[in-house]
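Structure file protein_21.cif (mmCIF, C-alpha atoms and all ligand atoms) is printed below.
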```cif
data_entry
#
loop_
_atom_site.label_atom_id
_atom_site.label_comp_id
_atom_site.auth_asym_id
_atom_site.auth_seq_id
_atom_site.Cartn_x
_atom_site.Cartn_y
_atom_site.Cartn_z
CA MET A 1 0.00 0.00 0.00
CA LYS A 2 1.00 3.59 -0.37
CA ILE A 3 0.38 6.73 1.64
CA ILE A 4 -0.29 9.72 -0.55
CA CYS A 5 0.00 13.12 1.13
CA VAL A 6 -1.09 16.59 0.06
CA GLY A 7 0.99 19.58 1.17
CA LEU A 8 -0.18 23.17 1.66
CA ASN A 9 -3.89 22.42 1.23
CA TYR A 10 -5.21 25.03 3.70
CA ARG A 11 -4.66 28.75 3.11
CA LYS A 12 -3.80 29.67 6.71
CA HIS A 13 -1.24 26.86 6.93
CA ALA A 14 0.42 27.98 3.68
CA ALA A 15 0.52 31.49 5.18
CA GLU A 16 2.09 30.32 8.45
CA MET A 17 4.75 28.47 6.41
CA GLY A 18 5.36 31.62 4.35
CA ARG A 19 4.57 29.75 1.14
CA PRO A 20 2.45 30.78 -1.86
CA LEU A 21 -0.71 28.77 -2.57
CA PRO A 22 0.05 25.88 -4.92
CA PRO A 23 -1.70 26.07 -8.33
CA GLU A 24 -2.30 22.32 -8.23
CA PRO A 25 -2.15 19.72 -5.42
CA MET A 26 1.36 19.33 -4.02
CA ILE A 27 1.95 15.59 -3.55
CA PHE A 28 4.45 13.38 -1.77
CA LEU A 29 4.41 9.76 -0.59
CA LYS A 30 5.22 8.06 2.70
CA PRO A 31 6.24 4.38 2.79
CA ASP A 32 4.19 1.80 4.70
CA SER A 33 6.91 1.75 7.39
CA ALA A 34 5.76 5.26 8.35
CA LEU A 35 2.43 3.95 9.64
CA LEU A 36 1.79 3.99 13.38
CA LYS A 37 -1.50 2.32 14.34
CA LYS A 38 -3.55 1.46 17.43
CA ASN A 39 -2.41 4.52 19.40
CA LYS A 40 1.11 3.15 19.71
CA PRO A 41 3.63 5.67 21.07
CA PHE A 42 5.70 7.77 18.70
CA PHE A 43 9.41 7.66 19.50
CA LEU A 44 11.20 10.96 18.88
CA PRO A 45 13.95 10.38 16.31
CA ASP A 46 17.42 11.63 17.21
CA PHE A 47 17.98 13.27 13.81
CA SER A 48 15.67 16.22 14.47
CA LYS A 49 15.54 19.05 17.01
CA ASN A 50 12.21 20.36 15.69
CA LEU A 51 9.75 17.52 15.18
CA GLN A 52 6.30 18.99 14.40
CA PHE A 53 2.74 17.65 14.28
CA GLU A 54 0.37 18.23 11.35
CA ALA A 55 -3.14 16.84 11.96
CA GLU A 56 -4.91 15.86 8.74
CA VAL A 57 -8.08 14.15 7.58
CA VAL A 58 -7.15 10.79 6.02
CA LEU A 59 -9.15 8.94 3.35
CA ARG A 60 -9.05 5.15 2.95
CA ILE A 61 -9.18 4.00 -0.66
CA SER A 62 -11.62 1.12 -1.15
CA LYS A 63 -11.44 0.40 -4.86
CA LEU A 64 -8.88 0.05 -7.62
CA GLY A 65 -8.89 3.09 -9.86
CA LYS A 66 -6.90 5.18 -12.31
CA GLY A 67 -7.85 8.36 -14.14
CA ILE A 68 -10.83 8.89 -11.82
CA SER A 69 -12.92 11.96 -12.58
CA ALA A 70 -13.85 14.18 -9.65
CA LYS A 71 -17.57 13.47 -9.97
CA TYR A 72 -17.00 9.75 -9.28
CA ALA A 73 -14.26 10.19 -6.67
CA SER A 74 -16.51 9.56 -3.66
CA ARG A 75 -16.98 5.96 -4.86
CA TYR A 76 -13.29 5.29 -4.31
CA TYR A 77 -12.99 5.81 -0.55
CA ASP A 78 -15.07 4.25 2.18
CA ALA A 79 -13.76 5.65 5.46
CA LEU A 80 -12.13 8.69 7.06
CA THR A 81 -10.02 9.37 10.11
CA VAL A 82 -7.41 11.81 11.36
CA GLY A 83 -3.70 11.10 11.03
CA ILE A 84 -0.55 13.03 11.88
CA ASP A 85 1.91 14.00 9.17
CA PHE A 86 4.95 14.22 11.47
CA THR A 87 7.58 16.49 10.00
CA ALA A 88 11.20 17.09 10.94
CA ARG A 89 10.89 20.82 10.23
CA ASP A 90 14.59 21.54 10.65
CA LEU A 91 15.50 18.90 8.06
CA GLN A 92 12.74 20.08 5.74
CA HIS A 93 14.15 23.62 5.80
CA LYS A 94 17.70 22.38 5.32
CA PHE A 95 16.78 20.26 2.31
CA SER A 96 14.55 22.98 0.82
CA GLN A 97 17.29 25.58 1.08
CA ALA A 98 19.69 23.23 -0.71
CA GLY A 99 17.07 22.74 -3.43
CA HIS A 100 16.91 19.03 -2.60
CA PRO A 101 13.84 16.79 -2.13
CA TRP A 102 12.72 16.99 1.52
CA GLU A 103 11.41 13.41 1.47
CA LEU A 104 13.41 12.24 4.51
CA SER A 105 11.94 14.96 6.72
CA LYS A 106 8.41 13.51 6.40
CA THR A 107 8.70 9.82 5.56
CA PHE A 108 10.72 8.25 8.39
CA ASP A 109 9.48 5.38 10.59
CA GLY A 110 6.42 6.33 12.63
CA SER A 111 5.84 9.59 10.74
CA ALA A 112 2.21 8.65 10.00
CA PRO A 113 0.18 7.91 13.16
CA LEU A 114 -3.29 6.85 12.02
CA GLY A 115 -6.59 7.06 13.89
CA THR A 116 -9.58 4.71 13.93
CA PHE A 117 -11.63 4.91 10.75
CA ILE A 118 -15.23 6.11 10.60
CA GLY A 119 -17.38 4.96 7.67
CA ALA A 120 -17.71 7.58 4.94
CA GLU A 121 -21.50 7.14 4.95
CA LYS A 122 -21.61 8.58 8.49
CA PHE A 123 -20.83 12.03 7.12
CA GLN A 124 -23.61 13.95 5.37
CA ASN A 125 -21.36 16.41 3.60
CA HIS A 126 -17.70 15.61 3.01
CA SER A 127 -17.01 19.29 2.37
CA ASP A 128 -18.05 20.20 5.91
CA ILE A 129 -16.27 17.93 8.38
CA SER A 130 -14.61 19.42 11.44
CA PHE A 131 -11.49 18.00 13.04
CA SER A 132 -9.09 19.04 15.76
CA LEU A 133 -5.92 18.20 17.61
CA GLU A 134 -5.25 18.64 21.31
CA VAL A 135 -1.79 18.41 22.81
CA ASN A 136 -1.79 17.74 26.56
CA GLY A 137 -5.43 18.79 26.72
CA GLU A 138 -4.88 22.09 24.92
CA ARG A 139 -6.53 22.73 21.54
CA ARG A 140 -3.72 23.35 19.03
CA GLN A 141 -5.29 22.74 15.62
CA GLU A 142 -8.83 23.14 14.38
CA GLY A 143 -9.90 22.53 10.82
CA ASN A 144 -12.88 22.01 8.60
CA THR A 145 -12.81 20.35 5.20
CA SER A 146 -14.80 23.32 3.87
CA ASP A 147 -11.47 25.20 3.99
CA LEU A 148 -9.58 22.74 1.78
CA ILE A 149 -7.96 24.39 -1.24
CA PHE A 150 -8.31 21.10 -3.17
CA SER A 151 -11.36 19.01 -2.18
CA PHE A 152 -11.25 15.25 -1.64
CA ALA A 153 -12.69 14.80 -5.16
CA GLU A 154 -10.13 17.12 -6.76
CA ILE A 155 -7.28 15.37 -4.93
CA ILE A 156 -8.43 11.93 -6.09
CA GLU A 157 -8.86 13.10 -9.66
CA PHE A 158 -5.40 14.64 -9.65
CA VAL A 159 -3.42 11.84 -7.99
CA SER A 160 -5.17 9.04 -9.91
CA GLY A 161 -3.84 10.64 -13.09
CA PHE A 162 -0.37 9.69 -11.88
CA TYR A 163 -0.85 6.66 -9.58
CA THR A 164 -3.20 3.71 -9.77
CA LEU A 165 -5.13 3.85 -6.51
CA LYS A 166 -5.43 0.51 -4.76
CA THR A 167 -7.64 -0.75 -1.96
CA GLY A 168 -6.03 0.14 1.35
CA ASP A 169 -4.06 3.12 0.06
CA LEU A 170 -4.34 6.21 2.26
CA ILE A 171 -4.58 9.88 1.37
CA PHE A 172 -3.50 12.50 3.93
CA THR A 173 -5.38 15.58 2.75
CA GLY A 174 -3.35 18.40 4.32
CA THR A 175 -3.11 20.24 7.63
CA PRO A 176 -4.79 23.45 8.80
CA SER A 177 -2.84 26.15 10.65
CA GLY A 178 -1.44 25.73 14.14
CA VAL A 179 1.33 23.20 13.50
CA GLY A 180 3.97 23.03 16.21
CA PRO A 181 6.72 20.99 17.86
CA VAL A 182 6.30 17.95 20.09
CA LYS A 183 8.43 16.83 23.00
CA LYS A 184 8.81 13.67 25.03
CA GLY A 185 5.74 12.94 27.16
CA ASP A 186 3.26 14.88 25.02
CA ASN A 187 -0.21 13.35 24.60
CA LEU A 188 -1.81 13.96 21.20
CA VAL A 189 -5.58 13.50 20.86
CA ALA A 190 -7.38 14.02 17.56
CA GLN A 191 -11.09 14.27 16.95
CA LEU A 192 -13.09 13.89 13.75
CA ALA A 193 -16.58 15.41 13.81
CA GLY A 194 -16.41 15.43 17.60
CA GLU A 195 -15.38 11.79 17.94
CA THR A 196 -11.96 10.89 19.36
CA VAL A 197 -10.17 8.78 16.75
CA LEU A 198 -6.52 9.08 17.82
CA ASP A 199 -4.91 9.26 21.28
CA PHE A 200 -1.21 8.53 21.71
CA TYR A 201 1.97 9.63 23.49
CA VAL A 202 5.34 10.91 22.33
CA ARG A 203 8.20 8.93 23.92
MG MG B 1 1.10 17.70 5.95
#
```
Show me this structure written as structure tokens.
Ligand code: MG
Amino acid sequence: MKIICVGLNYRKHAAEMGRPLPPEPMIFLKPDSALLKKNKPFFLPDFSKNLQFEAEVVLRISKLGKGISAKYASRYYDALTVGIDFTARDLQHKFSQAGHPWELSKTFDGSAPLGTFIGAEKFQNHSDISFSLEVNGERRQEGNTSDLIFSFAEIIEFVSGFYTLKTGDLIFTGTPSGVGPVKKGDNLVAQLAGETVLDFYVR
């Protein structure tokens, strides 16, 4: 399986990163070794001094597809949750400044904690789903899919023009503003439409 991620998909997050809005979805992949399931702890890697959380709505692909048009995209995922796109921000900046791919800063082991899935049919309107992240009980990120620059359907249309989507693939759809660093002992709790789907510790 593959984990497809969208970068800079919320205006306020692009602004906080000091980046222009992308004219088309900005895509990168994480390997399956990045997955962290069942609320297992995330172990801080020693290669970064600025490891940051990015809470994102995640789609679970349920059907093989390629060249999917946006109007049929909702048939290709069956569940949603919240995941964390952990990012070694210091490495990302270093690689960016050198003009190199920043892959390593986002794709290392454990960089994709994944919540419990909720069936897609439970949500009336996929363009109006709220989600949030609390760190140690304090609300740090709040988002709503109505603020996505590229909707779920537009993302699926775009990425399926490059990659065959397969059952079990995941799409991380981008983070809202409020990203920040984690430290040992932090407890991260994410909610999707008011339901807690992810609850784990940083070790
Ligand atoms: Mg992200």
*At most 6 Å from ligand MG 1 (chain B) (only C-alpha atoms and all ligand atoms): residue list as a list in words*: Gly7, Glu54, Asp85, Gly174 and Thr175 of chain A
For segment 107-122 of chain A, list every protein, DNA or RNA residue within 7 Å, evaluated using only C-alpha atoms, and leave out those in the same chain fewer than 4 positions away; present the list as an mmCIF file with C-alpha atoms, keeping the file's coordinate frame.
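Full text of selection_15.cif as output:
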```cif
data_model
loop_
_atom_site.group_PDB
_atom_site.id
_atom_site.type_symbol
_atom_site.label_atom_id
_atom_site.label_comp_id
_atom_site.auth_asym_id
_atom_site.auth_seq_id
_atom_site.Cartn_x
_atom_site.Cartn_y
_atom_site.Cartn_z
ATOM 1 C CA LYS A 30 5.220 8.060 2.700
ATOM 2 C CA PRO A 31 6.240 4.380 2.790
ATOM 3 C CA SER A 33 6.910 1.750 7.390
ATOM 4 C CA ALA A 34 5.760 5.260 8.350
ATOM 5 C CA LEU A 35 2.430 3.950 9.640
ATOM 6 C CA LEU A 36 1.790 3.990 13.380
ATOM 7 C CA LYS A 37 -1.500 2.320 14.340
ATOM 8 C CA PHE A 42 5.700 7.770 18.700
ATOM 9 C CA ASP A 78 -15.070 4.250 2.180
ATOM 10 C CA ALA A 79 -13.760 5.650 5.460
ATOM 11 C CA LEU A 80 -12.130 8.690 7.060
ATOM 12 C CA THR A 81 -10.020 9.370 10.110
ATOM 13 C CA VAL A 82 -7.410 11.810 11.360
ATOM 14 C CA GLY A 83 -3.700 11.100 11.030
ATOM 15 C CA ILE A 84 -0.550 13.030 11.880
ATOM 16 C CA ASP A 85 1.910 14.000 9.170
ATOM 17 C CA PHE A 86 4.950 14.220 11.470
ATOM 18 C CA GLU A 103 11.410 13.410 1.470
ATOM 19 C CA VAL A 197 -10.170 8.780 16.750
ATOM 20 C CA LEU A 198 -6.520 9.080 17.820
#
```
*asked:* I'd like to know which of A:Asp32, A:Glu24, A:Glu154, A:Asp147 is closest to Met1 of chain A, using only C-alpha atoms.
replied: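 Nearest to Met1 of chain A: A:Asp32.
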_Distance query Pro101 of chain A at most 9 Å, all atoms listed in the file, self and fewer than 5 positions along chain excluded, as a PyMOL selection string_ = chain A and resi 92+95-96
Generate the output file for the selected residues, C-alpha atoms, as an mmCIF file, keeping the file's coordinate frame.
```cif
data_model
loop_
_atom_site.group_PDB
_atom_site.id
_atom_site.type_symbol
_atom_site.label_atom_id
_atom_site.label_comp_id
_atom_site.auth_asym_id
_atom_site.auth_seq_id
_atom_site.Cartn_x
_atom_site.Cartn_y
_atom_site.Cartn_z
ATOM 1 C CA GLN A 92 12.740 20.080 5.740
ATOM 2 C CA PHE A 95 16.780 20.260 2.310
ATOM 3 C CA SER A 96 14.550 22.980 0.820
#
```
*Top pick for closest residue to Phe162 of chain A, considering A:Phe53, A:Glu16, A:Asn9, A:Lys66 and counting only C-alpha atoms*: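 Among A:Phe53, A:Glu16, A:Asn9, A:Lys66, it is A:Lys66 that comes nearest to Phe162 of chain A.
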Export segment 180-195 of chain A from the structure block above, keeping all heavy atoms, as a CSV table (one decimal), in the first residue's frame.
```
chain,number,residue,atom,x,y,z
A,180,GLY,N,3.0,22.7,15.2
A,180,GLY,CA,4.0,23.0,16.2
A,180,GLY,C,4.8,21.8,16.7
A,180,GLY,O,4.5,20.7,16.3
A,181,PRO,N,5.8,22.1,17.5
A,181,PRO,CA,6.7,21.0,17.9
A,181,PRO,C,6.2,20.1,19.0
A,181,PRO,O,5.3,20.5,19.7
A,181,PRO,CB,7.9,21.8,18.4
A,181,PRO,CG,7.4,23.1,18.8
A,181,PRO,CD,6.2,23.4,18.0
A,182,VAL,N,6.6,18.9,19.0
A,182,VAL,CA,6.3,17.9,20.1
A,182,VAL,C,7.6,17.7,20.9
A,182,VAL,O,8.7,17.8,20.4
A,182,VAL,CB,5.7,16.6,19.6
A,182,VAL,CG1,4.3,16.8,19.0
A,182,VAL,CG2,6.6,15.9,18.6
A,183,LYS,N,7.3,17.2,22.2
A,183,LYS,CA,8.4,16.8,23.0
A,183,LYS,C,8.0,15.5,23.7
A,183,LYS,O,6.9,15.2,23.8
A,183,LYS,CB,8.8,17.9,24.0
A,183,LYS,CG,7.6,18.3,24.9
A,183,LYS,CD,8.0,19.5,25.8
A,183,LYS,CE,6.9,19.7,26.9
A,183,LYS,NZ,5.5,19.8,26.4
A,184,LYS,N,9.0,14.9,24.3
A,184,LYS,CA,8.8,13.7,25.0
A,184,LYS,C,7.7,13.8,26.1
A,184,LYS,O,7.7,14.8,26.8
A,184,LYS,CB,10.1,13.2,25.7
A,184,LYS,CG,10.5,11.8,25.5
A,184,LYS,CD,11.9,11.5,26.1
A,184,LYS,CE,12.8,11.0,24.9
A,184,LYS,NZ,14.1,10.5,25.4
A,185,GLY,N,6.8,12.9,26.2
A,185,GLY,CA,5.7,12.9,27.2
A,185,GLY,C,4.4,13.6,26.7
A,185,GLY,O,3.4,13.5,27.4
A,186,ASP,N,4.5,14.3,25.5
A,186,ASP,CA,3.3,14.9,25.0
A,186,ASP,C,2.2,13.8,24.7
A,186,ASP,O,2.5,12.7,24.2
A,186,ASP,CB,3.5,15.7,23.7
A,186,ASP,CG,4.2,17.0,24.0
A,186,ASP,OD1,4.2,17.4,25.2
A,186,ASP,OD2,4.7,17.7,23.1
A,187,ASN,N,0.9,14.2,24.9
A,187,ASN,CA,-0.2,13.4,24.6
A,187,ASN,C,-1.0,14.1,23.5
A,187,ASN,O,-1.4,15.2,23.6
A,187,ASN,CB,-1.1,13.2,25.8
A,187,ASN,CG,-2.4,12.4,25.5
A,187,ASN,OD1,-3.4,12.8,26.0
A,187,ASN,ND2,-2.3,11.3,24.7
A,188,LEU,N,-1.1,13.4,22.3
A,188,LEU,CA,-1.8,14.0,21.2
A,188,LEU,C,-3.2,13.3,21.0
A,188,LEU,O,-3.2,12.0,21.0
A,188,LEU,CB,-1.0,13.8,19.9
A,188,LEU,CG,0.1,14.9,19.6
A,188,LEU,CD1,1.2,14.8,20.7
A,188,LEU,CD2,0.7,14.7,18.2
A,189,VAL,N,-4.2,14.0,21.0
A,189,VAL,CA,-5.6,13.5,20.9
A,189,VAL,C,-6.3,14.2,19.7
A,189,VAL,O,-6.4,15.4,19.7
A,189,VAL,CB,-6.4,13.7,22.2
A,189,VAL,CG1,-7.8,13.2,22.0
A,189,VAL,CG2,-5.7,12.9,23.3
A,190,ALA,N,-6.7,13.4,18.7
A,190,ALA,CA,-7.4,14.0,17.6
A,190,ALA,C,-8.8,13.6,17.5
A,190,ALA,O,-9.2,12.5,17.9
A,190,ALA,CB,-6.7,13.6,16.3
A,191,GLN,N,-9.7,14.6,17.1
A,191,GLN,CA,-11.1,14.3,16.9
A,191,GLN,C,-11.5,14.5,15.5
A,191,GLN,O,-11.0,15.4,14.8
A,191,GLN,CB,-11.9,15.2,17.9
A,191,GLN,CG,-11.7,14.8,19.3
A,191,GLN,CD,-12.8,15.4,20.2
A,191,GLN,OE1,-13.3,16.5,19.9
A,191,GLN,NE2,-13.1,14.7,21.3
A,192,LEU,N,-12.5,13.7,15.1
A,192,LEU,CA,-13.1,13.9,13.8
A,192,LEU,C,-14.6,14.0,14.0
A,192,LEU,O,-15.2,13.1,14.6
A,192,LEU,CB,-12.8,12.7,12.9
A,192,LEU,CG,-13.3,12.7,11.4
A,192,LEU,CD1,-12.7,13.9,10.6
A,192,LEU,CD2,-13.0,11.4,10.7
A,193,ALA,N,-15.2,15.1,13.6
A,193,ALA,CA,-16.6,15.4,13.8
A,193,ALA,C,-17.0,15.1,15.3
A,193,ALA,O,-18.0,14.5,15.5
A,193,ALA,CB,-17.4,14.6,12.9
A,194,GLY,N,-16.1,15.5,16.2
A,194,GLY,CA,-16.4,15.4,17.6
A,194,GLY,C,-16.1,14.1,18.2
A,194,GLY,O,-16.3,13.9,19.4
A,195,GLU,N,-15.7,13.1,17.4
A,195,GLU,CA,-15.4,11.8,17.9
A,195,GLU,C,-13.9,11.6,18.0
A,195,GLU,O,-13.1,11.9,17.1
A,195,GLU,CB,-16.0,10.7,17.0
A,195,GLU,CG,-16.1,9.4,17.6
A,195,GLU,CD,-16.9,8.4,16.7
A,195,GLU,OE1,-17.9,8.9,16.2
A,195,GLU,OE2,-16.5,7.3,16.6
```
